[in-house]
Every structure is written in C-alpha cells, then in structure tokens.
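Text of start00.csv, listed as CSV, C-alpha atoms:
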chain,number,residue,atom,x,y,z
A,1,MET,CA,-36.4,-82.1,62.6
A,2,ARG,CA,-38.5,-81.5,59.5
A,3,GLY,CA,-36.5,-80.0,56.7
A,4,ILE,CA,-33.0,-80.9,58.0
A,5,GLY,CA,-32.2,-82.8,54.9
A,6,GLU,CA,-33.0,-79.7,52.8
A,7,VAL,CA,-30.7,-77.6,54.9
A,8,ARG,CA,-28.0,-80.2,54.6
A,9,SER,CA,-28.4,-80.3,50.9
A,10,ALA,CA,-28.4,-76.5,50.6
A,11,ILE,CA,-25.2,-76.3,52.7
A,12,ALA,CA,-23.4,-78.9,50.6
A,13,ALA,CA,-24.6,-77.2,47.4
A,14,ILE,CA,-23.3,-73.7,48.3
A,15,ALA,CA,-20.0,-75.2,49.5
A,16,ALA,CA,-19.5,-76.9,46.2
A,17,ARG,CA,-20.4,-73.8,44.3
A,18,LEU,CA,-18.1,-71.6,46.3
A,19,ASP,CA,-15.0,-73.9,46.4
A,20,PRO,CA,-14.5,-77.6,45.8
A,21,ALA,CA,-12.0,-77.8,48.7
A,22,ILE,CA,-14.8,-77.1,51.2
A,23,ALA,CA,-16.7,-79.8,53.0
A,24,ALA,CA,-19.8,-78.6,55.0
A,25,SER,CA,-22.8,-80.2,56.7
A,26,CYS,CA,-25.3,-79.8,59.6
A,27,ARG,CA,-27.4,-81.7,62.0
A,28,THR,CA,-30.2,-81.0,64.5
A,29,ILE,CA,-29.3,-80.0,68.0
A,30,ARG,CA,-30.4,-82.8,70.4
A,31,PRO,CA,-30.7,-83.2,74.2
A,32,GLY,CA,-27.5,-84.5,75.5
A,33,ASP,CA,-25.3,-83.1,72.8
A,34,GLY,CA,-23.4,-81.3,75.5
A,35,ASP,CA,-22.1,-84.7,76.6
A,36,ARG,CA,-20.4,-85.0,73.2
A,37,LEU,CA,-17.9,-82.3,74.2
A,38,THR,CA,-14.4,-83.5,75.3
A,39,PRO,CA,-13.3,-82.5,78.8
A,40,ALA,CA,-11.0,-79.7,77.4
A,41,GLU,CA,-13.8,-78.4,75.1
A,42,ARG,CA,-16.2,-78.4,78.1
A,43,ALA,CA,-13.7,-76.6,80.4
A,44,ALA,CA,-13.1,-73.9,77.8
A,45,LEU,CA,-16.8,-73.1,77.6
A,46,GLY,CA,-16.7,-72.4,81.3
A,47,GLY,CA,-20.1,-71.8,82.9
A,48,ALA,CA,-22.1,-71.9,79.6
A,49,VAL,CA,-25.7,-72.8,80.0
A,50,GLU,CA,-26.9,-76.3,78.9
A,51,SER,CA,-28.4,-75.0,75.6
A,52,VAL,CA,-25.0,-73.5,74.6
A,53,ARG,CA,-23.2,-76.7,75.5
A,54,CYS,CA,-25.7,-78.8,73.5
A,55,ALA,CA,-25.3,-76.5,70.5
A,56,SER,CA,-21.5,-76.4,70.8
A,57,GLY,CA,-21.4,-80.2,71.1
A,58,ALA,CA,-23.7,-80.7,68.1
A,59,ALA,CA,-21.5,-78.4,65.9
A,60,ARG,CA,-18.4,-80.3,66.9
A,61,VAL,CA,-20.1,-83.7,66.1
A,62,VAL,CA,-20.6,-82.3,62.5
A,63,ALA,CA,-17.0,-80.9,62.3
A,64,ARG,CA,-15.4,-84.1,63.6
A,65,GLY,CA,-17.3,-86.1,61.1
A,66,LEU,CA,-16.1,-83.9,58.3
A,67,LEU,CA,-12.5,-83.9,59.5
A,68,ARG,CA,-12.5,-87.7,59.8
A,69,CYS,CA,-13.8,-88.0,56.2
A,70,ALA,CA,-11.0,-85.6,55.1
A,71,GLY,CA,-8.4,-87.8,56.8
A,72,ALA,CA,-7.5,-85.7,59.9
A,73,ALA,CA,-5.6,-87.6,62.5
A,74,ARG,CA,-7.5,-88.6,65.7
A,75,PRO,CA,-8.4,-87.7,68.3
A,76,ILE,CA,-10.0,-84.5,67.0
A,77,GLU,CA,-10.5,-81.9,69.7
A,78,LEU,CA,-11.9,-78.4,68.9
A,79,VAL,CA,-11.1,-76.3,72.0
A,80,PRO,CA,-12.7,-72.9,71.9
A,81,GLN,CA,-10.2,-70.0,71.8
A,82,ARG,CA,-12.2,-66.8,71.9
A,83,PRO,CA,-12.6,-64.6,69.8
A,84,ASP,CA,-11.2,-66.7,67.0
A,85,GLY,CA,-13.3,-69.9,67.4
A,86,PRO,CA,-11.8,-73.3,68.0
A,87,ILE,CA,-8.3,-74.5,67.4
A,88,TRP,CA,-8.4,-76.7,64.3
A,89,PRO,CA,-6.2,-79.7,63.6
A,90,ALA,CA,-2.9,-79.2,61.8
A,91,GLY,CA,-3.5,-78.8,58.1
A,92,TYR,CA,-7.2,-77.7,58.3
A,93,LEU,CA,-9.2,-74.6,58.9
A,94,GLY,CA,-12.9,-74.4,59.6
A,95,SER,CA,-15.9,-72.7,61.1
A,96,LEU,CA,-18.8,-73.6,63.4
A,97,THR,CA,-22.2,-72.2,63.7
A,98,HIS,CA,-25.6,-72.9,65.3
A,99,ASP,CA,-29.0,-71.3,65.8
A,100,ARG,CA,-31.5,-72.6,68.3
A,101,ALA,CA,-32.2,-75.8,66.4
A,102,VAL,CA,-29.5,-76.5,63.8
A,103,ALA,CA,-25.7,-76.8,64.2
A,104,ALA,CA,-23.4,-76.7,61.2
A,105,ALA,CA,-19.7,-76.8,60.3
A,106,ALA,CA,-17.4,-76.2,57.3
A,107,ILE,CA,-13.8,-77.3,56.8
A,108,ALA,CA,-11.1,-77.0,54.1
A,109,PRO,CA,-7.5,-77.8,53.8
A,110,ARG,CA,-5.1,-75.1,54.8
A,111,GLY,CA,-3.3,-73.5,51.9
A,112,ALA,CA,-6.1,-73.4,49.3
A,113,LEU,CA,-7.9,-70.9,51.5
A,114,LEU,CA,-6.9,-68.4,54.1
A,115,GLY,CA,-10.2,-68.3,56.0
A,116,ILE,CA,-13.6,-69.8,56.0
A,117,GLY,CA,-16.8,-68.8,57.7
A,118,ILE,CA,-20.3,-70.4,58.0
A,119,ASP,CA,-23.5,-69.0,59.6
A,120,VAL,CA,-27.0,-70.3,59.9
A,121,GLU,CA,-30.2,-68.5,61.1
A,122,PRO,CA,-33.9,-69.3,61.1
A,123,LEU,CA,-36.0,-68.2,58.1
A,124,GLU,CA,-37.3,-65.2,60.0
A,125,PRO,CA,-37.4,-61.4,59.4
A,126,LEU,CA,-34.5,-59.3,60.7
A,127,PRO,CA,-35.9,-57.5,63.8
A,128,ALA,CA,-36.8,-53.9,62.9
A,129,GLU,CA,-34.8,-52.5,65.8
A,130,ILE,CA,-31.5,-53.8,64.4
A,131,TYR,CA,-32.2,-53.2,60.6
A,132,ALA,CA,-30.3,-49.9,60.5
A,133,MET,CA,-27.3,-51.5,62.4
A,134,VAL,CA,-27.0,-54.3,59.8
A,135,VAL,CA,-28.0,-52.9,56.4
A,136,THR,CA,-25.8,-50.2,54.9
A,137,PRO,CA,-27.3,-47.4,52.7
A,138,GLY,CA,-25.7,-49.1,49.7
A,139,GLU,CA,-27.5,-52.4,50.5
A,140,HIS,CA,-31.0,-51.0,50.8
A,141,ALA,CA,-31.7,-51.1,47.0
A,142,GLN,CA,-30.6,-54.7,46.8
A,143,ILE,CA,-33.1,-56.0,49.3
A,144,ALA,CA,-36.0,-53.7,48.4
A,145,GLY,CA,-37.2,-53.6,52.0
A,146,ASP,CA,-37.5,-57.4,52.3
A,147,PRO,CA,-36.9,-58.2,56.0
A,148,ILE,CA,-35.9,-61.8,55.2
A,149,ALA,CA,-33.3,-60.6,52.7
A,150,ALA,CA,-32.1,-58.2,55.4
A,151,ARG,CA,-31.6,-61.2,57.7
A,152,LEU,CA,-29.8,-63.0,54.9
A,153,LEU,CA,-27.4,-60.0,54.8
A,154,PHE,CA,-26.9,-60.5,58.5
A,155,VAL,CA,-26.0,-64.1,58.0
A,156,ILE,CA,-23.6,-63.3,55.2
A,157,LYS,CA,-21.8,-60.7,57.2
A,158,GLU,CA,-21.4,-63.1,60.2
A,159,ALA,CA,-19.9,-65.6,57.8
A,160,VAL,CA,-17.5,-62.9,56.4
A,161,TYR,CA,-16.4,-61.9,59.9
A,162,LYS,CA,-15.7,-65.6,60.8
A,163,ALA,CA,-13.6,-66.0,57.6
A,164,THR,CA,-11.5,-62.8,58.1
A,165,HIS,CA,-11.1,-62.3,61.9
A,166,PRO,CA,-8.7,-65.2,62.6
A,167,VAL,CA,-6.5,-63.8,59.8
A,168,ASP,CA,-6.7,-60.1,60.3
A,169,ARG,CA,-7.6,-59.9,64.0
A,170,ILE,CA,-9.8,-56.8,63.2
A,171,PHE,CA,-13.2,-56.4,64.7
A,172,LEU,CA,-15.8,-55.7,62.0
A,173,ASP,CA,-19.1,-54.0,62.7
A,174,HIS,CA,-21.9,-55.0,60.3
A,175,HIS,CA,-21.5,-51.6,58.5
A,176,ASP,CA,-17.8,-52.5,58.0
A,177,VAL,CA,-18.9,-55.2,55.5
A,178,GLU,CA,-20.6,-54.2,52.2
A,179,VAL,CA,-22.3,-57.0,50.5
A,180,ASP,CA,-23.0,-57.3,46.8
A,181,LEU,CA,-25.7,-60.0,46.6
A,182,ALA,CA,-25.6,-60.3,42.8
A,183,ALA,CA,-21.8,-60.7,42.5
A,184,GLY,CA,-21.4,-62.9,45.6
A,185,VAL,CA,-18.7,-60.7,47.0
A,186,ALA,CA,-18.4,-58.7,50.2
A,187,ARG,CA,-15.8,-56.0,50.9
A,188,THR,CA,-14.6,-55.1,54.3
A,189,ARG,CA,-13.2,-51.8,55.7
A,190,SER,CA,-10.0,-53.7,56.2
A,191,GLY,CA,-9.6,-54.0,52.5
A,192,ARG,CA,-10.6,-57.7,52.1
A,193,ARG,CA,-12.6,-59.0,49.2
A,194,VAL,CA,-14.5,-62.1,50.4
A,195,ALA,CA,-16.4,-64.5,48.2
A,196,PHE,CA,-19.6,-65.9,49.6
A,197,ALA,CA,-22.5,-68.2,48.6
A,198,ALA,CA,-25.9,-68.2,50.4
A,199,ASP,CA,-29.2,-70.0,50.4
A,200,ARG,CA,-32.6,-68.8,51.4
A,201,GLY,CA,-34.5,-72.1,51.9
A,202,SER,CA,-36.1,-73.5,55.0
A,203,ARG,CA,-33.2,-71.8,56.8
A,204,LEU,CA,-30.8,-69.0,55.9
A,205,VAL,CA,-27.3,-70.2,55.4
A,206,ALA,CA,-24.1,-68.6,54.1
A,207,LEU,CA,-20.5,-69.6,53.5
A,208,ALA,CA,-17.7,-67.1,53.0
A,209,VAL,CA,-14.1,-67.7,52.0
A,210,LEU,CA,-11.0,-65.6,52.1
A,211,ARG,CA,-8.7,-66.8,49.3
A,212,ALA,CA,-5.0,-66.9,49.4

How would this structure read if it were set down as structure tokens?
Amino acid sequence: MRGIGEVRSAIAAIAARLDPAIAASCRTIRPGDGDRLTPAERAALGGAVESVRCASGAARVVARGLLRCAGAARPIELVPQRPDGPIWPAGYLGSLTHDRAVAAAAIAPRGALLGIGIDVEPLEPLPAEIYAMVVTPGEHAQIAGDPIAARLLFVIKEAVYKATHPVDRIFLDHHDVEVDLAAGVARTRSGRRVAFAADRGSRLVALAVLRA
C-alpha cells in the first residue's frame, strides 16, 4: 500500500513522544490475513465476515511481532473479550485497531501505564451527520470548522475510550471526552485525565495513555 511506511513512521514517532515504554506499529490488511488468527481467536470472533477476520488477523500479526520483540513468552494468543478487547499476555497491556486498509497495534509493559489505546482512520472528513455527536461545544473553536480535524477528534476519543474502559468499565459517549488538542490531554466525565499524541498525515492516528 502506498504510504504505509509513512503511517508506520508516524505511529512510532507519536508512541516515542507519548511514552518511551510504548511500542507501536502497523501493516496493510491483506487477503488471507484471517488465516493468521489462532483457532481460539477465530472462534471468539464468531460469525464475523471475512473482512473483519482479515482486519483482526492483520492487527494480531502486528501485536504478536511487537510482543515477541518485547520478550513475551510464546505462544502469543490474543483472544477477543468484548467489550474490553483481547486478553493480553501476562506483564503486558495493549490495544488493536484497524480501518478498511490498515491494521495497527500498540503495547507497553504493565505497571508503567494503566491503560493504552490506539486508533487509526482514513484521512477523510468527519461525516456531517455525526459532527454534532462527536464535537463538543468547547471543541468547536479548536478545529475552526475543519472536518478533517473533527475526524481527528473522533480518532483521539476512540483511543481514549480504549485506554480507559478496561480499567474503569465505564461506557463513554464522544461528548463524555473533552479534548484539548494544544495540551495533548483529554478529560473524561469519569474524572480521568488522559494524555494523547496524534498525527494527521496520510492517515489519522492517535495513541492515548492512562498513567498510573
């Protein structure tokens, strides 16, 4: 895929900027990636369509590579456990994401961080019909009506949710997360202060961390 190297570099850069304990990367989703799922992973996805299986398999290829580099014991199996995402190996936490073409993952050792979230989306405007559902009144001035920036807010909020939900078990609507783009901080209605880093390149990507 054209531009995947740029996306990979962007993800690595925002991970390093956010916390040196984080390792993150991505790859393109390819036909047959669903076959990279283990039997338990495939069974947990139930009757998911082939495109979902492929995307899930691709994200797990990335995560397994990161975990192997970090020294995680094999075999590495990331069985989905909704709504919290996969079960991570002992000593690690992580997050998976994909859009229609790219799958990504981020991991970190447990202890340094309480939670981590990653999200990726195409570089496309946020659909007008969901703008009001995503952007809070306090965020309007930050994005000055830019629909790409509005979609970046969506990506950041998704990453924040992934970082906090496994810890708090609280469902957050998009308006339950208030983003300060300049400060790199999001605050949730549950009282969490979540640091994030984001990139607006050939794709929109965001990483969020809940610190101990």

Measuring atom to atom with only C-alpha atoms, identify which of A:Leu123, A:Val185, A:Ile116, A:Leu153 is nearest to A:Gly85. A:Ile116

Could you name the residues that touch stretch 14-18 of chain A at 7 Å or less, counting only C-alpha atoms, but leaving out those on the same chain fewer than 6 positions away, as number ranges by chain? A: 24, 196-198, 207

Out of A:Ala44, A:Leu37, A:Leu96, A:Leu113, which residue has the shortest atom-to-atom distance to A:Glu77 when counting only C-alpha atoms? A:Leu37

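Put simply, atom CA of A:Glu129 is 27.7 Å away from atom CA of A:Val7.
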
Applying 10 Å and only C-alpha atoms, which residues near A:His98 remain after dropping the ones on its own chain fewer than 3 positions away? List them as a ChimeraX atom specification. /A:26-29,52,55-56,58-59,101-105,118-122
